[in-house]
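Down below is the structure, laid out as structure tokens.
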Amino acid sequence: MKIAVCDDDSICREQIMKLLNDYTEGRDVSVSVYENAAQLLDAADRMGGFDIYILDVIMPGLSGIQLGSRLREAGFDGKILYLTSSSEFAIDAFKVQASDYILKPVQATEFTAALDKLISAAAVRKEKSLIIKTKDSSIKLSFDSILYAELIQKTIVYCLLNGKQVESTSIRSTFSEATQELLKDSRFSLCGSGRVVNLSYIVEIDSENLYFKNGTKIYAGRRAVRELRSVWYDFWFNGGE
């Protein structure tokens, strides 16, 4: 589990690190600390993002809200926890899919409760997987690795985040029945009648196409896009849960 902290105030950083050191003792968690948004964005690009971002709201240069927006635009879907001395930014925080919002001075009990929730959600997300039967073998795919799945003739082709594809054997049920395990997870949604997409990896939707964080673009059609857009908005408004 990777956690990033970004706060321009050295006293606040020390306080948060003390709380995190107490919390993470004995846990498989790594913590990286940054003084400004530019440092964190650079690290996220190099490391492929973090599982949890703990961000101050009021910072020079890019604010925490702007930083959260930049992270989402870049396709990083880690959980965001905002820490701030003012409650006036609460609505803006949730517009960038923040999972929680805590007022300073941060209380240990509230901070611990928030981390418990975020780490539990992130861990469940990482662990989910399904077994795909192919012509030659059976392959275990984590939900996190799946960009989208689509019906091609009578098989399902799973297109992965790393650019690879896995093709199933012929299915004997409907496509929605064959992909019901994915559809039970809030990250996935039908897009048209023959495609399931991972909402957490979509970074843009125009009038006909979907754009994913790894640069993949797929044509979906106006009707499917129109129906998917509201689902995508709701997904992120609810914190990517």
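Chain labels run A, B, ... following the order of the structure tokens; each chain numbers its residues from 1, and ligands are numbered from 1 in the order shown.
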
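Residues of segment 18-126 of chain A that DSSP places in strand (DSSP E), based on the backbone of this structure, are Ser30, Val31, Ser32, Val33, Tyr34, Ile52, Tyr53, Ile54, Leu55, Asp56, Lys79, Ile80, Leu81, Tyr82, Leu83, Thr84, Asp100, Tyr101, Ile102 and Leu103 of chain A.
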
All residues 9 Å or closer to Ala37 of chain A, only C-alpha atoms, same chain fewer than 3 positions away omitted, as a PyMOL selection string: chain A and resi 6-8+34+40-42+59-64+66-67

Find the residues around Asn21 of chain A up to 12 Å (only C-alpha atoms counted), leave out those fewer than 3 positions away in its own chain, and share them as a ChimeraX atom specification. /A:3,13-18,24-32,108,112

Generate a file of the selected residues that holds N, CA and C atoms, formatted as a PDB file, in the first residue's frame.
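Saved the output as part12.pdb:
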```
ATOM      1  N   ILE A   3       1.178   5.400   0.214  1.00  0.00           N
ATOM      2  CA  ILE A   3       0.500   6.621   0.642  1.00  0.00           C
ATOM      3  C   ILE A   3       1.383   7.823   0.326  1.00  0.00           C
ATOM      4  N   ARG A  13       3.152  18.797   8.352  1.00  0.00           N
ATOM      5  CA  ARG A  13       3.740  17.562   7.824  1.00  0.00           C
ATOM      6  C   ARG A  13       4.264  16.686   8.949  1.00  0.00           C
ATOM      7  N   GLU A  14       4.916  17.300   9.906  1.00  0.00           N
ATOM      8  CA  GLU A  14       5.448  16.537  11.040  1.00  0.00           C
ATOM      9  C   GLU A  14       4.324  15.887  11.838  1.00  0.00           C
ATOM     10  N   GLN A  15       3.231  16.624  12.040  1.00  0.00           N
ATOM     11  CA  GLN A  15       2.101  16.067  12.774  1.00  0.00           C
ATOM     12  C   GLN A  15       1.501  14.873  12.040  1.00  0.00           C
ATOM     13  N   ILE A  16       1.289  15.040  10.731  1.00  0.00           N
ATOM     14  CA  ILE A  16       0.695  13.961   9.943  1.00  0.00           C
ATOM     15  C   ILE A  16       1.630  12.750   9.906  1.00  0.00           C
ATOM     16  N   MET A  17       2.930  12.985   9.779  1.00  0.00           N
ATOM     17  CA  MET A  17       3.870  11.875   9.740  1.00  0.00           C
ATOM     18  C   MET A  17       3.901  11.131  11.070  1.00  0.00           C
ATOM     19  N   LYS A  18       3.772  11.857  12.178  1.00  0.00           N
ATOM     20  CA  LYS A  18       3.730  11.181  13.472  1.00  0.00           C
ATOM     21  C   LYS A  18       2.498  10.276  13.562  1.00  0.00           C
ATOM     22  N   THR A  24       0.927   3.123  10.854  1.00  0.00           N
ATOM     23  CA  THR A  24       1.464   2.120   9.922  1.00  0.00           C
ATOM     24  C   THR A  24       2.439   1.146  10.556  1.00  0.00           C
ATOM     25  N   GLU A  25       2.775   1.322  11.821  1.00  0.00           N
ATOM     26  CA  GLU A  25       3.715   0.410  12.473  1.00  0.00           C
ATOM     27  C   GLU A  25       3.221  -1.036  12.377  1.00  0.00           C
ATOM     28  N   GLY A  26       4.040  -1.894  11.810  1.00  0.00           N
ATOM     29  CA  GLY A  26       3.671  -3.292  11.658  1.00  0.00           C
ATOM     30  C   GLY A  26       2.825  -3.581  10.440  1.00  0.00           C
ATOM     31  N   ARG A  27       2.515  -2.569   9.633  1.00  0.00           N
ATOM     32  CA  ARG A  27       1.707  -2.755   8.425  1.00  0.00           C
ATOM     33  C   ARG A  27       2.600  -2.642   7.188  1.00  0.00           C
ATOM     34  N   ASP A  28       2.168  -3.276   6.105  1.00  0.00           N
ATOM     35  CA  ASP A  28       2.906  -3.209   4.842  1.00  0.00           C
ATOM     36  C   ASP A  28       2.477  -1.951   4.093  1.00  0.00           C
ATOM     37  N   VAL A  29       2.922  -0.814   4.585  1.00  0.00           N
ATOM     38  CA  VAL A  29       2.538   0.490   4.031  1.00  0.00           C
ATOM     39  C   VAL A  29       3.783   1.350   3.877  1.00  0.00           C
ATOM     40  N   SER A  30       3.937   1.984   2.715  1.00  0.00           N
ATOM     41  CA  SER A  30       5.034   2.929   2.511  1.00  0.00           C
ATOM     42  C   SER A  30       4.443   4.337   2.400  1.00  0.00           C
ATOM     43  N   VAL A  31       5.139   5.310   2.976  1.00  0.00           N
ATOM     44  CA  VAL A  31       4.663   6.694   2.992  1.00  0.00           C
ATOM     45  C   VAL A  31       5.710   7.599   2.358  1.00  0.00           C
ATOM     46  N   SER A  32       5.285   8.433   1.409  1.00  0.00           N
ATOM     47  CA  SER A  32       6.152   9.413   0.766  1.00  0.00           C
ATOM     48  C   SER A  32       5.591  10.797   1.047  1.00  0.00           C
ATOM     49  N   ALA A 108      -6.380  12.445  16.240  1.00  0.00           N
ATOM     50  CA  ALA A 108      -5.873  11.095  15.963  1.00  0.00           C
ATOM     51  C   ALA A 108      -6.997  10.097  15.714  1.00  0.00           C
ATOM     52  N   THR A 112      -7.392   8.176  12.214  1.00  0.00           N
ATOM     53  CA  THR A 112      -7.293   6.716  12.192  1.00  0.00           C
ATOM     54  C   THR A 112      -8.523   6.080  11.560  1.00  0.00           C
TER      55      THR A 112
END
```

When you look at segment 175-186 of chain A with a cut-off of 9 Å (counting only C-alpha atoms), what residues show up, excluding the ones that are within fewer than 4 positions of it in the same chain? I need them as a PyMOL selection string. chain A and resi 129-130+143+149-151+154+156+171+190+193-196+198-199+235+240-241

Skipping near chain neighbours, those fewer than 2 positions away, what residues fall within 12 Å of Lys2 of chain A using only C-alpha atoms, listed as an NGL selection string? :A and (4-5 or 24 or 27-33 or 43-44 or 47-54 or 78-79 or 118-119 or 122-123)

Any chance you could export the current selection's N, CA and C atoms as a PDB file, in the first residue's frame?
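Result file follows (result.pdb):
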```pdb
ATOM      1  N   ALA A   4       0.790   8.870  -0.236  1.00  0.00           N
ATOM      2  CA  ALA A   4       1.507  10.118  -0.495  1.00  0.00           C
ATOM      3  C   ALA A   4       0.896  11.223   0.353  1.00  0.00           C
ATOM      4  N   VAL A   5       1.761  12.016   0.979  1.00  0.00           N
ATOM      5  CA  VAL A   5       1.330  13.168   1.781  1.00  0.00           C
ATOM      6  C   VAL A   5       1.856  14.429   1.116  1.00  0.00           C
ATOM      7  N   THR A  24       0.927   3.123  10.854  1.00  0.00           N
ATOM      8  CA  THR A  24       1.464   2.120   9.922  1.00  0.00           C
ATOM      9  C   THR A  24       2.439   1.146  10.556  1.00  0.00           C
ATOM     10  N   ARG A  27       2.515  -2.569   9.633  1.00  0.00           N
ATOM     11  CA  ARG A  27       1.707  -2.755   8.425  1.00  0.00           C
ATOM     12  C   ARG A  27       2.600  -2.642   7.188  1.00  0.00           C
ATOM     13  N   ASP A  28       2.168  -3.276   6.105  1.00  0.00           N
ATOM     14  CA  ASP A  28       2.906  -3.209   4.842  1.00  0.00           C
ATOM     15  C   ASP A  28       2.477  -1.951   4.093  1.00  0.00           C
ATOM     16  N   VAL A  29       2.922  -0.814   4.585  1.00  0.00           N
ATOM     17  CA  VAL A  29       2.538   0.490   4.031  1.00  0.00           C
ATOM     18  C   VAL A  29       3.783   1.350   3.877  1.00  0.00           C
ATOM     19  N   SER A  30       3.937   1.984   2.715  1.00  0.00           N
ATOM     20  CA  SER A  30       5.034   2.929   2.511  1.00  0.00           C
ATOM     21  C   SER A  30       4.443   4.337   2.400  1.00  0.00           C
ATOM     22  N   VAL A  31       5.139   5.310   2.976  1.00  0.00           N
ATOM     23  CA  VAL A  31       4.663   6.694   2.992  1.00  0.00           C
ATOM     24  C   VAL A  31       5.710   7.599   2.358  1.00  0.00           C
ATOM     25  N   SER A  32       5.285   8.433   1.409  1.00  0.00           N
ATOM     26  CA  SER A  32       6.152   9.413   0.766  1.00  0.00           C
ATOM     27  C   SER A  32       5.591  10.797   1.047  1.00  0.00           C
ATOM     28  N   VAL A  33       6.479  11.755   1.346  1.00  0.00           N
ATOM     29  CA  VAL A  33       6.060  13.096   1.750  1.00  0.00           C
ATOM     30  C   VAL A  33       6.554  14.139   0.761  1.00  0.00           C
ATOM     31  N   ALA A  43       6.316  12.563  -8.828  1.00  0.00           N
ATOM     32  CA  ALA A  43       6.479  11.238  -8.213  1.00  0.00           C
ATOM     33  C   ALA A  43       5.388  10.281  -8.689  1.00  0.00           C
ATOM     34  N   ALA A  44       4.160  10.779  -8.800  1.00  0.00           N
ATOM     35  CA  ALA A  44       3.056   9.930  -9.257  1.00  0.00           C
ATOM     36  C   ALA A  44       3.317   9.423 -10.670  1.00  0.00           C
ATOM     37  N   MET A  47       6.120   6.740 -10.415  1.00  0.00           N
ATOM     38  CA  MET A  47       5.803   5.538  -9.652  1.00  0.00           C
ATOM     39  C   MET A  47       4.487   4.885 -10.053  1.00  0.00           C
ATOM     40  N   GLY A  48       3.781   5.484 -11.004  1.00  0.00           N
ATOM     41  CA  GLY A  48       2.508   4.915 -11.418  1.00  0.00           C
ATOM     42  C   GLY A  48       1.378   5.214 -10.462  1.00  0.00           C
ATOM     43  N   GLY A  49       1.530   6.284  -9.668  1.00  0.00           N
ATOM     44  CA  GLY A  49       0.470   6.688  -8.753  1.00  0.00           C
ATOM     45  C   GLY A  49       0.591   6.059  -7.382  1.00  0.00           C
ATOM     46  N   PHE A  50      -0.282   6.500  -6.479  1.00  0.00           N
ATOM     47  CA  PHE A  50      -0.331   6.000  -5.106  1.00  0.00           C
ATOM     48  C   PHE A  50      -1.731   5.454  -4.816  1.00  0.00           C
ATOM     49  N   ASP A  51      -1.823   4.636  -3.786  1.00  0.00           N
ATOM     50  CA  ASP A  51      -3.122   4.093  -3.392  1.00  0.00           C
ATOM     51  C   ASP A  51      -3.954   5.134  -2.645  1.00  0.00           C
ATOM     52  N   ILE A  52      -3.280   5.970  -1.841  1.00  0.00           N
ATOM     53  CA  ILE A  52      -3.961   6.980  -1.033  1.00  0.00           C
ATOM     54  C   ILE A  52      -3.165   8.282  -1.097  1.00  0.00           C
ATOM     55  N   TYR A  53      -3.892   9.401  -1.287  1.00  0.00           N
ATOM     56  CA  TYR A  53      -3.282  10.729  -1.280  1.00  0.00           C
ATOM     57  C   TYR A  53      -3.851  11.515  -0.098  1.00  0.00           C
ATOM     58  N   ILE A  54      -2.973  12.000   0.773  1.00  0.00           N
ATOM     59  CA  ILE A  54      -3.386  12.849   1.896  1.00  0.00           C
ATOM     60  C   ILE A  54      -2.916  14.263   1.564  1.00  0.00           C
ATOM     61  N   GLY A  78      -6.296   6.815  -7.066  1.00  0.00           N
ATOM     62  CA  GLY A  78      -6.122   6.536  -5.640  1.00  0.00           C
ATOM     63  C   GLY A  78      -7.098   7.331  -4.789  1.00  0.00           C
ATOM     64  N   LYS A  79      -7.337   6.858  -3.584  1.00  0.00           N
ATOM     65  CA  LYS A  79      -8.242   7.546  -2.663  1.00  0.00           C
ATOM     66  C   LYS A  79      -7.628   8.873  -2.214  1.00  0.00           C
ATOM     67  N   LEU A 118     -10.185   4.001   4.180  1.00  0.00           N
ATOM     68  CA  LEU A 118      -9.528   4.118   2.890  1.00  0.00           C
ATOM     69  C   LEU A 118      -8.658   2.916   2.571  1.00  0.00           C
ATOM     70  N   ILE A 119      -7.897   2.450   3.553  1.00  0.00           N
ATOM     71  CA  ILE A 119      -7.020   1.305   3.325  1.00  0.00           C
ATOM     72  C   ILE A 119      -7.829   0.034   3.076  1.00  0.00           C
ATOM     73  N   ALA A 122      -9.142   0.299  -0.490  1.00  0.00           N
ATOM     74  CA  ALA A 122      -8.063   0.123  -1.456  1.00  0.00           C
ATOM     75  C   ALA A 122      -7.609  -1.333  -1.514  1.00  0.00           C
ATOM     76  N   ALA A 123      -7.562  -1.995  -0.364  1.00  0.00           N
ATOM     77  CA  ALA A 123      -7.126  -3.394  -0.318  1.00  0.00           C
ATOM     78  C   ALA A 123      -8.116  -4.310  -1.021  1.00  0.00           C
TER      79      ALA A 123
END
```

Where in segment 30-230 of chain A does DSSP assign alpha helix (DSSP H), given as a ChimeraX atom specification? /A:37-47,64-73,90-95,108-127,175-178,180-183,222-230
